[in-house]
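Here is the structure we will look at.
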Amino acid sequence: MNKQDASERIDKLRGLINDYRYHYHVLDESIMSEAAADSLKHELAQLEEQYPELITPDSPSQRVAGQPLGKFTQVEHSSRMLSLNDVFNREEVEAWLKRVTKLVPNDSLEFFADIKMDGLACALVYQDGQLTRAITRGNGFVGEDVTTNIRTLETVPLQLRPAKGFEHLLVGRTEIRGEVVIYKKDFDALNIERAAEDKPLYANPRNLAAGSIRQLDPKLAAARPLRFRAYDILRDDPSDIPTNDYAYRAIRAVGLNANTEAKTFTSIDKVLDFAAYWDKARHNLAFNTDGLVIKLNDRRLYQELGVVGKAPRAAVAFKYAAEEATTTVKDIVLSIGRTGTANPVAVFEPVVVAGSTVQHATLHNADEVARKDIRVGDTVIIYKAGDIIPQVLKVLTELRPKGAKPFSMEAELKRQYPELEFERVEGEAAYRMKHVSGPLLLKRALEHFASKAAMDIDTLGEKNVSALVDAGLVNDVADIYTLTEEQVVALERFAAISAAKLVGGIQATKKPPLPRFIYGLGIRHVGAQTAIDLSEAFGSLEALANADLETLQSVEGIGNVVAESITAWFADEDNQELLRKFKEYGVQPHYKKHVGGRLHDQRFVITGSLEQLSRDQAAEKIRSLGGTFQSSLGKDTTYLVVGANVGASKLAKAQKYGTKQLSEAELMELIG
Ligand code: IVH
């Protein structure tokens, strides 16, 4: 091919490859397969090799990673990269809006809200449509020149696309700001590979994205699944971009990605609905988010309102409840799992993570404890994996108290289970009880559950238990509630009548008294009397499951060892699954308070914080006087105890129901 023909072919190839990129990354559609696109890229590279003088910096071939840099150059931002002030609830959003409308009185304000991405902020500079520079946020004024790394990202066009109505953006300077993110699925896949290679796992997508952009070898950046998503476009003449809504359309038109979830709103209530929706739905997003960005849609107003400190007045970050928090490890207890393995469980100072209180987390096995070097007394960062199961992310060794001893599985097994023998199975991370198997343990557990002092199922004796387990009809204790007469009669030991008796006998125990049920669970150190004490103190299985170590120990007759054992039992994932199954199968333990207490028939809800005693202490006191403690206000609630820092919505509900309100002092008087 002569040079003239090559030049024409090169132009066409570049156009088509750019189209492919745009359709794939921005429009989320594919105009050809990846293999076909690769083949075009290959042809382009060959032609450019033949005629190097035809190579231009914006050719798609020029994404290939070059030589590592010696260091990054510092570059000044054309305008400061700002931060945002955080707001956490409706009241704070309304307060923000009040401040804004005071400065720019206006009753038809429009808002623009987008998902706040958890990544690394970067500014891309395009001169006459060509990517000339990419700069990290740095301190907001000066960042690092990471152009060589950013050029390797397919989501960053090397040349802006000409688009009807947006031609002016390809003339002069256009700056596009956004976040470099890694999708959750890509991150998980990388970590699965790392685990297979026995390499330490990456902590989270944001750190990995930041680490990949802020390292000197573009080959490494190219190898990581980094993506750029824009949220802002800047021009020398700000009137080029009148609204944020327009900015997002412009970003997409010139060939970059902006979140399609972003929207314009005409009332703050609608914005708050949007926030509530994404608080629930955010886990379905491809990337991590910790909130929303809410801005005024009109950028002239935005300019007019200016900046206070590091943040613009005309925008806020609406943050969701943290999914990470720090707390201290009060204890590491061992629970014996269904198959006889000893599972270490961390017991924490209770802390709220992503909206619920966390007080323990499984540490999986001794290797994991050693790898993370978790010790009693340590301050740890915990997070909710998949937003449900709490996990220890890392230990803050800087905060470790003097004398904190490394965890030793062997020593702990001896301390917590002196009468049992354990062995470490070759090639396994687990310590297992010696001389017992899973089925054997299950048989013992079932016999105990059915025993006279527990559920008292007299048809479920040793021989029947054995037959059911050996036949594989039950895999855990809850499974007995799924047994059918047809299944049972098929076993050698049974005839129609005995099968009916067994199944009927089991089904008849679906509403057991709570103390019998608790005793039947076989929690170590929890005998029949302790089960009664626990029922009396907590009133329900849920309340017992949620009790922390201190609350447990405050129950008459329950010391450290028993409290630890109860905590470990409820923290065990197998046991949580077991309880879930009981519920699913309709097993509902009930507890009747001894009637006649001073607060008999009176139902209490506490809102806000109390000064003189903890919520749990108040609840316990109320129960001990025959009253009922409720977790949320209902029509049947007798008293709403109003502590400090109470939200208006709680009180509104009480007013609606006509619930009597008590101050803390009045409560104290009542419970004496
Ligand atoms: S708008 C004044 N939109 O969050 C900055 N920012 O805490 C206004 N961020 O600096 C930026 N997702 O790095 C905006 N959809 C989004 C965002 C977003 C993430 C980052 C950005 C910003 C920081 C502010």
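Quick note on naming: the chains in the structure tokens go A, B, ... in the order shown, residues restart at 1 in each chain, and ligands are numbered from 1 in order of appearance.
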May I have the residues within 9 Å of ligand 1, computed using only C-alpha atoms and all ligand atoms, as an NGL selection string?
:A and (81-86 or 113-122 or 137 or 140 or 177-179 or 229-232 or 258-259 or 262 or 289 or 291-295 or 310-312 or 314-317)
List as number ranges by chain the protein and nucleic acid residues near A:Asn464, meaning an atom at most 10 Å away when only C-alpha atoms are counted, but skip any in the same chain fewer than 5 places from it.
A: 443, 447, 459, 469-470, 488, 491, 493-494, 502
Restricted to N, CA and C atoms, what would the selected residues look like written as a compact mmCIF listing (two decimals), in the first residue's frame?
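selection.txt, written as the output of this step:
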# COMPACT_ATOMS: atom_id res chain seq x y z
N LYS A 443 -26.02 -36.10 65.71
CA LYS A 443 -26.87 -37.03 66.47
C LYS A 443 -26.98 -36.59 67.93
N GLU A 447 -30.41 -35.44 69.83
CA GLU A 447 -30.90 -36.12 71.04
C GLU A 447 -31.11 -35.10 72.15
N THR A 459 -40.85 -39.25 70.88
CA THR A 459 -40.68 -40.21 69.77
C THR A 459 -39.30 -40.08 69.12
N VAL A 469 -30.49 -39.41 60.67
CA VAL A 469 -29.21 -38.81 60.26
C VAL A 469 -28.53 -39.72 59.23
N ASP A 470 -28.51 -41.00 59.51
CA ASP A 470 -27.83 -41.92 58.59
C ASP A 470 -28.49 -41.93 57.21
N VAL A 488 -40.32 -40.57 56.20
CA VAL A 488 -39.98 -41.38 57.36
C VAL A 488 -40.40 -42.83 57.17
N LEU A 491 -38.13 -45.42 55.70
CA LEU A 491 -37.00 -45.98 56.44
C LEU A 491 -37.39 -47.30 57.08
N ARG A 493 -36.95 -48.72 59.93
CA ARG A 493 -37.45 -48.78 61.31
C ARG A 493 -38.94 -48.45 61.45
N PHE A 494 -39.50 -47.80 60.41
CA PHE A 494 -40.82 -47.22 60.61
C PHE A 494 -41.95 -47.90 59.85
N LEU A 502 -44.10 -39.88 64.87
CA LEU A 502 -42.86 -39.10 64.94
C LEU A 502 -43.07 -37.70 64.36
Quick one: residues within 8 Å of A:Gln127, only C-alpha atoms counted, chain neighbours fewer than 4 positions away excluded, as a PyMOL selection string?
chain A and resi 131-132+170-174
Using only C-alpha atoms, determine which residues lie at most 9 Å from A:Ala65, disregarding the query and same-chain residues fewer than 2 positions distant; provide the list as an mmCIF file with C-alpha atoms, in the first residue's frame.
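As written to disk, out-v8.cif reads:
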data_model
loop_
_atom_site.group_PDB
_atom_site.id
_atom_site.type_symbol
_atom_site.label_atom_id
_atom_site.label_comp_id
_atom_site.auth_asym_id
_atom_site.auth_seq_id
_atom_site.Cartn_x
_atom_site.Cartn_y
_atom_site.Cartn_z
ATOM 1 C CA GLN A 62 -1.006 5.317 21.264
ATOM 2 C CA ARG A 63 -2.663 3.935 24.363
ATOM 3 C CA GLN A 67 8.499 3.238 29.544
ATOM 4 C CA PRO A 68 8.111 3.738 33.290
ATOM 5 C CA THR A 148 0.867 8.300 30.593
ATOM 6 C CA ASN A 149 -1.200 6.120 32.899
ATOM 7 C CA ARG A 151 -3.938 7.305 28.347
ATOM 8 C CA THR A 152 -4.081 3.537 28.809
ATOM 9 C CA ASP A 217 4.787 2.102 35.223
ATOM 10 C CA PRO A 218 2.036 2.616 32.642
ATOM 11 C CA LYS A 219 2.116 -1.109 31.831
ATOM 12 C CA LEU A 220 0.776 -1.775 35.293
ATOM 13 C CA ALA A 221 -1.977 0.809 34.889
ATOM 14 C CA ALA A 222 -2.880 -0.743 31.536
#
Spatial neighbours of stretch 363-375 of chain A, 7 Å, only C-alpha atoms, chain gap at least 6 places, as a PyMOL selection string:
chain A and resi 343-346+394-395+404-407+409+429-430
Write out the residues from the selection above, keeping N, CA and C atoms, as a short mmCIF file (atom, residue, chain, number, x, y, z; two decimals), in the first residue's frame.
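Written file, result33.cif:
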data_model
loop_
_atom_site.label_atom_id
_atom_site.label_comp_id
_atom_site.auth_asym_id
_atom_site.auth_seq_id
_atom_site.Cartn_x
_atom_site.Cartn_y
_atom_site.Cartn_z
N ASN A 343 -14.09 -22.44 65.61
CA ASN A 343 -14.06 -21.21 64.81
C ASN A 343 -13.82 -20.00 65.70
N PRO A 344 -12.72 -19.27 65.45
CA PRO A 344 -12.48 -18.08 66.27
C PRO A 344 -13.43 -16.95 65.90
N VAL A 345 -13.97 -16.29 66.90
CA VAL A 345 -14.91 -15.20 66.71
C VAL A 345 -14.42 -14.00 67.52
N ALA A 346 -14.33 -12.85 66.88
CA ALA A 346 -13.92 -11.64 67.61
C ALA A 346 -15.14 -11.02 68.27
N LYS A 394 -8.75 -4.63 58.89
CA LYS A 394 -7.35 -4.64 59.31
C LYS A 394 -7.20 -4.17 60.74
N VAL A 395 -6.04 -4.48 61.27
CA VAL A 395 -5.71 -4.06 62.64
C VAL A 395 -4.94 -2.75 62.55
N ALA A 404 -0.21 -6.60 74.51
CA ALA A 404 -1.22 -7.40 73.81
C ALA A 404 -0.53 -8.64 73.24
N LYS A 405 -1.04 -9.81 73.60
CA LYS A 405 -0.35 -11.05 73.19
C LYS A 405 -0.91 -11.58 71.88
N PRO A 406 -0.01 -12.14 71.04
CA PRO A 406 -0.52 -12.76 69.81
C PRO A 406 -1.50 -13.87 70.16
N PHE A 407 -2.47 -14.07 69.29
CA PHE A 407 -3.49 -15.09 69.54
C PHE A 407 -2.89 -16.47 69.28
N MET A 409 -4.16 -20.30 68.95
CA MET A 409 -5.32 -21.18 68.87
C MET A 409 -5.20 -22.31 69.89
N ALA A 429 -6.85 -25.51 57.37
CA ALA A 429 -6.63 -24.41 58.30
C ALA A 429 -7.35 -24.67 59.63
N ALA A 430 -8.24 -25.65 59.63
CA ALA A 430 -9.13 -25.82 60.79
C ALA A 430 -8.56 -26.72 61.88
#
When DSSP is applied to the backbone of this structure, which of stretch 316-377 of chain A are assigned alpha helix (DSSP H)? Write them out as an MDAnalysis selection string.
chainID A and resid 366:372
Could the residues in this selection be saved with N, CA, C and O atoms as a CSV table (one decimal), in the first residue's frame?
chain,number,residue,atom,x,y,z
A,366,ALA,N,-7.6,-20.1,62.4
A,366,ALA,CA,-6.3,-19.6,63.1
A,366,ALA,C,-5.4,-18.9,62.1
A,366,ALA,O,-4.7,-18.0,62.5
A,367,ASP,N,-5.3,-19.4,60.9
A,367,ASP,CA,-4.4,-18.8,59.9
A,367,ASP,C,-4.8,-17.4,59.6
A,367,ASP,O,-3.9,-16.5,59.5
A,368,GLU,N,-6.1,-17.2,59.5
A,368,GLU,CA,-6.6,-15.8,59.2
A,368,GLU,C,-6.3,-14.9,60.4
A,368,GLU,O,-5.9,-13.7,60.2
A,369,VAL,N,-6.4,-15.4,61.6
A,369,VAL,CA,-6.1,-14.5,62.8
A,369,VAL,C,-4.6,-14.2,62.8
A,369,VAL,O,-4.2,-13.1,63.0
A,370,ALA,N,-3.8,-15.2,62.4
A,370,ALA,CA,-2.4,-15.0,62.4
A,370,ALA,C,-2.0,-14.0,61.3
A,370,ALA,O,-1.2,-13.1,61.5
A,371,ARG,N,-2.6,-14.2,60.1
A,371,ARG,CA,-2.3,-13.3,59.0
A,371,ARG,C,-2.6,-11.9,59.3
A,371,ARG,O,-1.8,-11.0,59.0
A,372,LYS,N,-3.7,-11.7,59.9
A,372,LYS,CA,-4.1,-10.3,60.2
A,372,LYS,C,-3.5,-9.9,61.5
A,372,LYS,O,-3.6,-8.7,61.9
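Look at A:Val254: the protein and nucleic acid residues within 6 Å of it, using only C-alpha atoms and passing over chain neighbours fewer than 3 places away, are Leu160, Arg161 and Ile251 of chain A.
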Would you put the residues from that selection into a file with N, CA, C and O atoms, as a CSV table (one decimal), in the first residue's frame?
chain,number,residue,atom,x,y,z
A,160,LEU,N,-11.7,14.2,21.7
A,160,LEU,CA,-13.1,14.3,21.9
A,160,LEU,C,-13.9,14.1,20.6
A,160,LEU,O,-13.4,14.4,19.5
A,161,ARG,N,-15.0,13.6,20.7
A,161,ARG,CA,-15.9,13.3,19.5
A,161,ARG,C,-16.6,14.6,19.1
A,161,ARG,O,-17.2,15.3,19.9
A,251,ILE,N,-20.8,15.9,28.3
A,251,ILE,CA,-19.7,14.9,28.6
A,251,ILE,C,-20.0,13.7,27.7
A,251,ILE,O,-19.1,13.1,27.1
Could you give me the residues within stretch 502-664 of chain A that DSSP places in strand (DSSP E or B), as a PyMOL selection string?
chain A and resi 513+590+603-607+609+628-629+639-642+644+660-663
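The shell of residues at most 12 Å from A:Tyr277, with only C-alpha atoms counted and near chain neighbours (fewer than 5 positions) removed, consists of A:Ile115, A:Glu261, A:Lys270, A:Val271, A:Leu272, A:Arg282, A:His283, A:Asn284, A:Gly291, A:Leu292, A:Tyr320.
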Counting only C-alpha atoms, which residues of stretch 285-349 of chain A sit at most 10 Å from some atom of stretch 538-549 of chain A, and what is each one's closest atom pair with its distance in Å to one decimal, listed by chain and rising residue number, as CSV?
residue,atom,partner,partner_atom,distance
A:Lys330,CA,A:Leu549,CA,9.1
A:Asp331,CA,A:Leu549,CA,9.5
A:Val347,CA,A:Leu549,CA,8.0
A:Phe348,CA,A:Asp548,CA,8.7
A:Glu349,CA,A:Asp548,CA,8.4
Could you take the residues named above and write them with N, CA, C and O atoms, as a short mmCIF file (atom, residue, chain, number, x, y, z; two decimals), in the first residue's frame?
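Writing the result to again_10.cif gives the following:
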data_model
loop_
_atom_site.label_atom_id
_atom_site.label_comp_id
_atom_site.auth_asym_id
_atom_site.auth_seq_id
_atom_site.Cartn_x
_atom_site.Cartn_y
_atom_site.Cartn_z
N LYS A 330 -12.63 -7.05 72.24
CA LYS A 330 -12.69 -7.30 73.68
C LYS A 330 -12.27 -8.72 74.00
O LYS A 330 -11.80 -9.02 75.09
N ASP A 331 -12.47 -9.60 73.04
CA ASP A 331 -12.20 -11.00 73.32
C ASP A 331 -12.14 -11.75 71.99
O ASP A 331 -12.67 -11.27 70.98
N VAL A 347 -14.99 -10.64 69.52
CA VAL A 347 -16.06 -9.93 70.23
C VAL A 347 -15.63 -8.47 70.34
O VAL A 347 -14.54 -8.18 70.82
N PHE A 348 -16.48 -7.57 69.85
CA PHE A 348 -16.12 -6.15 69.81
C PHE A 348 -16.84 -5.32 70.85
O PHE A 348 -17.94 -5.68 71.27
N GLU A 349 -16.30 -4.17 71.12
CA GLU A 349 -17.06 -3.10 71.73
C GLU A 349 -18.13 -2.78 70.68
O GLU A 349 -17.79 -2.50 69.53
#
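Each of A:Gln4, A:Thr637, A:Gln50, A:Thr266 was checked against A:Gln661 using only C-alpha atoms; the smallest atom-to-atom distance is that of A:Thr637.
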Shortest contact to A:Arg424, candidates A:Ser451, A:Asn139, A:Thr341, A:Thr397, atoms counted only C-alpha atoms, goes to A:Thr341
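When only C-alpha atoms are used to compute distances to A:Arg580, the closest of the residues A:Ala478, A:Ala275, A:Val489, A:Val503 turns out to be A:Ala478.
Here atom CA of A:Ser33 stands at a distance of 23.6 Å from atom CA of A:Glu8.
Closest approach to A:Glu584 among A:Phe318, A:Tyr417, A:Tyr481, A:Tyr639 is made by A:Tyr481 (distances from only C-alpha atoms).
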One number please: atom CA of A:Gly255 to atom CA of A:Ala123, in Å, one decimal.
15.4 Å
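Across the structure, atom CA of A:Pro418 and atom CA of A:Val329 are spaced 23.2 Å apart.
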Would you please work out which residue, of A:Asp198, A:Thr567, A:Glu91, A:Gln215, is nearest to A:Asp145 when using only C-alpha atoms?
A:Gln215
